[in-house]
Amino acid sequence: MAATDRGTVRRRAVASTRVLCLAVLLAACGALTPGSGYDANNGRPRAVPSSTAVPDGDVTLRLNFADAPEMVDALAAAFEEKHPRIDVRPQYTQFADYVKSLKLTMTSDTAPDIAQYAIGMDALAQRGDILDLAPYRDAYGWRDAFPASSLAQLTAGRGESLYGVPVGLSMTGLYVNRELAATAGISRPPRTLAEFETRLAAAKRAGLTPLSIGALDSGGLHLWAALVNVLTPPETYRAWVDGRDGATIETEGALKAAELVAAWAAKGYFDPSANGTAQVDSTARFTRGESVFLVNGNWAAGQLVGAMGENVGFFPMPGPDASARSVASGFSVAYSVSSRTRHPEAAGAFLDFLASPEAASIVAANGFLPPDPDTDAVPEQKGVLGEVAAAHRRVVADDGTNQFPDFTAPSMLDRLRSGVQRLIAARVGPAEFLAEIQDVWEAHHGK
Amino acid sequence: MESSHRRGAMRGYLYVLPALAVYVVFAVLPALHTAYLSLFDWDGVTLGSWVGLDNYREVFRNPVLLRSLVNALALVVFFSFVPILTGLLTTALLSRYRRPGMGVYRLLFMLPQIVPLVAVGVTWRWLYGDDGLVNEALRAVGLDGITRAWLGDFDTALIAVGLVGTWVLSGLCTMLFLSGVHKVDPSLYEAARLDGAGPVREFVSVTLPQLRGELAIALTVTMVAALASFDIVYVTTNGGPGEQTTVPGLLVYRLAFSDGDVGLASALGVVLSCLILGLVYVVNRLSRSET
């Protein structure tokens, strides 16, 4: 009898413990509802004030960034000299980690005052985690200080808004090994895409590897994007990158670009191991004279001059005819202002400093292209650096800076990388390749 | 009598409690939380929305995600089967007689285990490169025709990555089996030899059955390493070329941290965990039922 009682009591105890456990678990889950702790934009401003006055007082600006630490330190030091009461504290994070943690950093209560613009900023702008800088653009007159195309990249797809200010620009194009080119009978850079193809064929006939691309990482997509740039009206492409309604990459020009990549691969114009070669490795092979041309960006120019001196040249991907608009992939290192900052005026002063000739000379000294190519602050460069600067000037004059295609959606980089690899290995058709990319676009931007 | 018995049992739980608490907080709850997150469409920051089992449907419908599961299973061949066969063969050769210098062998077998996997991956990427040691060796023996960038070739990339795993895990298996052989009663070998068993017969009839426990452990550890692989793939190919070497571990990381699709990443993680648990269960059942 007593034993039965004890048994019942015990069963009840076990049962109630179970219920309790379940309740605690459910309650825990309720509190853990993903994102329930996220504090939506409660009363924070969405745009900066429209005055350029910087209030008196000691101010510390925290600046999170991922590119060119030496350049940022130099910019901060030069700025502090002009504004002794503003202390800029740069915080460097490696690019890959920076991009991955950006969303959490910028939505936390300890967000930095200023942060480097990167993929994902469009979503942050949408939510009001970074400030619209349009009032400053008008108050400081930034439309005159920066080329239209580089400001247009920083609207986060929201028309008249502005979510970043450019510091230095990057641009992709083609490098040439002059000596090798001469042995293949190539004496001057091509003026049209057809001429470029003839040169690739000539290099192949001469028994050389015509074009080196590092398709293991981003080299393949740089080539495809370079071809899309010259074969597609920039407005169509930009609408797609910005995620405008109804935009598509399944256009005639983009298809032609994909067909060219596939055709060049089939004709053996690329390094046979392109898919297993990283960008840095393809560049190293080019410096060793293992290919005539190389697809890469201005960031490689310094390294190439060091290794090859006078033997290397640069030109942007040529268009269908010699008078075509010069269009190239490029993006600026740019800075945004957090909506959690308590010092938007001081941040504005720093961003405006980036438009100064002094900042331009610091940027150029660190191997980047100043946003305004016609600035007098930068001495004329010689050799391939001069050719890069000249190509950049032409592209800016033609309003031809196109954003990199991986800015379209967070998962685009991986899809493009593997897509171009399959294109090169003839594992996917050009049309199918575009359809896959468009699917990624739809998943991110589609309704 | 009975109550003191029960008090004893309760006291037993008390001893387990600290470890249990740590385990629950740091392993069980996160796992449950992951399963819970897999039912949401969540970008990692803003309020998620409940989507039920949609993420699981996506795992089994999306060709890239499916492909990654198939690749992981293919890696089991290179991470589990080949190392275990290598380990058994080495053990058969080394264990028949006790020789001096076994310590050196053991050290050599252990070496791949103490090198960080990222360093292993970087080293093998160089070895497999266009001008890497693998191609140099092939050229040296006149096999110029088959040299290639092994990790960039659609047909060879997965095998190349798999062989890195073989290199890492063969030593572990050998170590396990060698230590297992040490506990075998020498009289069994003696009896076998008296019965006229040759080295092969001796291995099959004495060594192999005695190693059943070690085999189960080796199979479990290496299969988990294959299915949950991340470091080697991330460093050598990052999933390429195409989706040839994409594995679930890589996609979980990408989906959660680059693509902002935490729900789908969690669902893939849950599917992967179930797959691993299922296979480990089968291995354990097989090794037990024969005892």
# chains A, B, ... in the order shown; residues from 1 in each chain; ligands from 1

$ residues_around --residues "Gly246 in chain A" --least-positions-apart "3" --cutoff "10 Å" --atoms "only C-alpha atoms" --output "count of residues only"
7

$ closest_atom_pairs --of "chain B" --to "chain A" --cutoff "10 Å" --atoms "only C-alpha atoms" --output "CSV"
residue,atom,partner,partner_atom,distance
B:Glu2,CA,A:Ala3,CA,9.5
B:Leu29,CA,A:Leu25,CA,8.9
B:Leu32,CA,A:Cys29,CA,9.2
B:His33,CA,A:Cys29,CA,7.4
B:Tyr36,CA,A:Cys29,CA,7.8
B:Leu37,CA,A:Pro34,CA,7.0
B:Phe40,CA,A:Pro34,CA,7.8
B:Asp41,CA,A:Pro34,CA,9.1
B:Trp42,CA,A:Pro34,CA,6.8
B:Asp43,CA,A:Gly35,CA,8.6
B:Gly44,CA,A:Gly35,CA,6.9
B:Val45,CA,A:Gly35,CA,5.4
B:Thr46,CA,A:Gly35,CA,4.8
B:Leu47,CA,A:Gly35,CA,4.1
B:Gly48,CA,A:Pro34,CA,5.4
B:Ser49,CA,A:Pro34,CA,8.3
B:Trp50,CA,A:Thr33,CA,9.6
B:Arg125,CA,A:Gly276,CA,9.3
B:Tyr128,CA,A:Gly276,CA,9.2
B:Gly129,CA,A:Gly276,CA,7.5
B:Asp130,CA,A:Ser273,CA,6.9
B:Thr147,CA,A:Ser273,CA,9.9
B:Arg148,CA,A:Ser273,CA,6.4
B:Ala149,CA,A:Ser273,CA,5.1
B:Trp150,CA,A:Gly276,CA,7.2
B:Leu151,CA,A:Gly276,CA,5.5
B:Gly152,CA,A:Gly276,CA,3.4
B:Asp153,CA,A:Gly276,CA,7.0
B:Phe154,CA,A:Ala425,CA,7.5
B:Ala157,CA,A:Gly276,CA,9.1
B:Thr236,CA,A:Gly276,CA,9.4
B:Thr237,CA,A:Leu216,CA,7.4
B:Asn238,CA,A:Leu216,CA,8.5
B:Gly239,CA,A:Ser418,CA,8.3
B:Gly240,CA,A:Ser418,CA,6.1
B:Pro241,CA,A:Gln421,CA,5.8
B:Gly242,CA,A:Ser418,CA,4.0
B:Glu243,CA,A:Ser418,CA,6.5
B:Gln244,CA,A:Ser418,CA,9.1
B:Arg254,CA,A:Ser411,CA,8.1
B:Leu255,CA,A:Ser411,CA,7.9
B:Ala256,CA,A:Lys100,CA,9.3
B:Phe257,CA,A:Lys100,CA,5.5
B:Ser258,CA,A:Lys100,CA,5.8
B:Asp259,CA,A:Pro410,CA,4.9
B:Gly260,CA,A:Pro410,CA,7.5
B:Asp261,CA,A:Ser411,CA,9.6
B:Val262,CA,A:Pro34,CA,9.5
B:Gly263,CA,A:Pro34,CA,9.4

$ atom_distance --atom1 "CA of Val176 in chain A" --atom2 "CA of Gly319 in chain A"
17.3 Å

$ residues_around --residues "range 379-391 of chain A" --least-positions-apart "3" --cutoff "8 Å" --atoms "only C-alpha atoms" --output "list in words"
Asn298, Ala301, Gly302, Val305, Gly309, Glu310, Val312, Gly313, Phe314, Phe315, Pro316, Leu369, Pro373, Asp376, Arg394 and Val395 of chain A

$ write_last_selection --atoms "N, CA, C and O atoms" --output "PDB file, in the first residue's frame"
ATOM      1  N   ASN A 298      43.338  47.493 -60.777  1.00  0.00           N
ATOM      2  CA  ASN A 298      44.396  48.469 -60.523  1.00  0.00           C
ATOM      3  C   ASN A 298      45.201  48.124 -59.278  1.00  0.00           C
ATOM      4  O   ASN A 298      46.352  48.495 -59.144  1.00  0.00           O
ATOM      5  N   ALA A 301      48.587  46.761 -59.898  1.00  0.00           N
ATOM      6  CA  ALA A 301      49.547  47.533 -60.692  1.00  0.00           C
ATOM      7  C   ALA A 301      50.881  47.702 -59.968  1.00  0.00           C
ATOM      8  O   ALA A 301      51.946  47.517 -60.559  1.00  0.00           O
ATOM      9  N   GLY A 302      50.828  48.037 -58.691  1.00  0.00           N
ATOM     10  CA  GLY A 302      52.054  48.266 -57.931  1.00  0.00           C
ATOM     11  C   GLY A 302      52.952  47.037 -57.952  1.00  0.00           C
ATOM     12  O   GLY A 302      54.152  47.126 -58.238  1.00  0.00           O
ATOM     13  N   VAL A 305      54.448  46.463 -61.523  1.00  0.00           N
ATOM     14  CA  VAL A 305      55.556  47.368 -61.839  1.00  0.00           C
ATOM     15  C   VAL A 305      56.820  46.862 -61.159  1.00  0.00           C
ATOM     16  O   VAL A 305      57.899  46.794 -61.766  1.00  0.00           O
ATOM     17  N   GLY A 309      58.545  46.090 -64.332  1.00  0.00           N
ATOM     18  CA  GLY A 309      59.022  47.409 -64.753  1.00  0.00           C
ATOM     19  C   GLY A 309      58.308  47.915 -65.989  1.00  0.00           C
ATOM     20  O   GLY A 309      57.081  47.978 -66.035  1.00  0.00           O
ATOM     21  N   GLU A 310      59.098  48.234 -67.015  1.00  0.00           N
ATOM     22  CA  GLU A 310      58.567  48.824 -68.247  1.00  0.00           C
ATOM     23  C   GLU A 310      57.850  47.805 -69.127  1.00  0.00           C
ATOM     24  O   GLU A 310      57.215  48.162 -70.105  1.00  0.00           O
ATOM     25  N   VAL A 312      55.304  45.979 -68.690  1.00  0.00           N
ATOM     26  CA  VAL A 312      53.881  45.724 -68.524  1.00  0.00           C
ATOM     27  C   VAL A 312      53.053  46.951 -68.914  1.00  0.00           C
ATOM     28  O   VAL A 312      53.474  48.084 -68.684  1.00  0.00           O
ATOM     29  N   GLY A 313      51.917  46.697 -69.561  1.00  0.00           N
ATOM     30  CA  GLY A 313      51.009  47.771 -69.938  1.00  0.00           C
ATOM     31  C   GLY A 313      49.597  47.463 -69.478  1.00  0.00           C
ATOM     32  O   GLY A 313      49.301  46.340 -69.048  1.00  0.00           O
ATOM     33  N   PHE A 314      48.714  48.474 -69.530  1.00  0.00           N
ATOM     34  CA  PHE A 314      47.338  48.293 -69.068  1.00  0.00           C
ATOM     35  C   PHE A 314      46.373  48.947 -70.038  1.00  0.00           C
ATOM     36  O   PHE A 314      46.651  50.017 -70.577  1.00  0.00           O
ATOM     37  N   PHE A 315      45.239  48.288 -70.279  1.00  0.00           N
ATOM     38  CA  PHE A 315      44.166  48.928 -71.047  1.00  0.00           C
ATOM     39  C   PHE A 315      42.831  48.358 -70.595  1.00  0.00           C
ATOM     40  O   PHE A 315      42.764  47.203 -70.159  1.00  0.00           O
ATOM     41  N   PRO A 316      41.759  49.164 -70.640  1.00  0.00           N
ATOM     42  CA  PRO A 316      40.444  48.627 -70.255  1.00  0.00           C
ATOM     43  C   PRO A 316      39.931  47.715 -71.366  1.00  0.00           C
ATOM     44  O   PRO A 316      40.371  47.828 -72.511  1.00  0.00           O
ATOM     45  N   LEU A 369      42.877  54.849 -56.801  1.00  0.00           N
ATOM     46  CA  LEU A 369      42.576  55.919 -57.722  1.00  0.00           C
ATOM     47  C   LEU A 369      41.717  56.938 -56.983  1.00  0.00           C
ATOM     48  O   LEU A 369      40.684  56.572 -56.438  1.00  0.00           O
ATOM     49  N   PRO A 373      39.393  61.907 -61.004  1.00  0.00           N
ATOM     50  CA  PRO A 373      40.656  61.636 -61.706  1.00  0.00           C
ATOM     51  C   PRO A 373      41.348  62.905 -62.184  1.00  0.00           C
ATOM     52  O   PRO A 373      42.523  62.873 -62.514  1.00  0.00           O
ATOM     53  N   ASP A 376      44.253  67.997 -59.317  1.00  0.00           N
ATOM     54  CA  ASP A 376      45.625  68.454 -59.558  1.00  0.00           C
ATOM     55  C   ASP A 376      46.558  67.998 -58.447  1.00  0.00           C
ATOM     56  O   ASP A 376      47.767  68.152 -58.533  1.00  0.00           O
ATOM     57  N   ARG A 394      39.418  58.103 -68.566  1.00  0.00           N
ATOM     58  CA  ARG A 394      38.505  57.908 -69.697  1.00  0.00           C
ATOM     59  C   ARG A 394      37.188  57.298 -69.223  1.00  0.00           C
ATOM     60  O   ARG A 394      36.110  57.727 -69.622  1.00  0.00           O
ATOM     61  N   VAL A 395      37.302  56.299 -68.350  1.00  0.00           N
ATOM     62  CA  VAL A 395      36.091  55.629 -67.863  1.00  0.00           C
ATOM     63  C   VAL A 395      35.226  56.610 -67.078  1.00  0.00           C
ATOM     64  O   VAL A 395      34.008  56.664 -67.258  1.00  0.00           O
TER      65      VAL A 395
END

$ select_by_dssp --residues "range 22-213 of chain B" --states "helix (DSSP H, G or I)" --output "number ranges by chain"
B: 22-37, 54-61, 63-95, 102-114, 117-128, 133-140, 144-146, 150-152, 157-182, 186-194, 199-210, 212-213

$ residues_around --residues "Leu117 in chain B" --least-positions-apart "3" --cutoff "12 Å" --atoms "only C-alpha atoms" --output "JSON, numbers by chain"
{"B": [111, 112, 113, 114, 120, 121, 122, 123, 124, 164, 165, 167, 168, 169, 225, 229, 230, 231, 232, 233, 234, 235, 236]}

$ closest_atom_pairs --of "range 62-83 of chain B" --to "range 264-282 of chain B" --cutoff "10 Å" --atoms "only C-alpha atoms" --output "CSV"
residue,atom,partner,partner_atom,distance
B:Leu65,CA,B:Leu268,CA,7.9
B:Leu66,CA,B:Leu268,CA,9.7
B:Leu69,CA,B:Leu272,CA,7.8
B:Ala72,CA,B:Leu272,CA,9.6
B:Leu73,CA,B:Leu275,CA,9.9

$ write_last_selection --atoms "C-alpha atoms" --output "compact mmCIF listing (two decimals), in the first residue's frame"
# COMPACT_ATOMS: atom_id res chain seq x y z
CA LEU B 65 22.43 21.60 -51.34
CA LEU B 66 21.64 18.08 -52.50
CA LEU B 69 25.23 15.91 -49.38
CA ALA B 72 30.00 14.40 -48.44
CA LEU B 73 28.99 10.77 -48.92

$ closest_residue --among "A:Arg325, A:Arg62, A:Arg85, A:Arg244" --to "Ala397 in chain A" --atoms "only C-alpha atoms"
A:Arg325
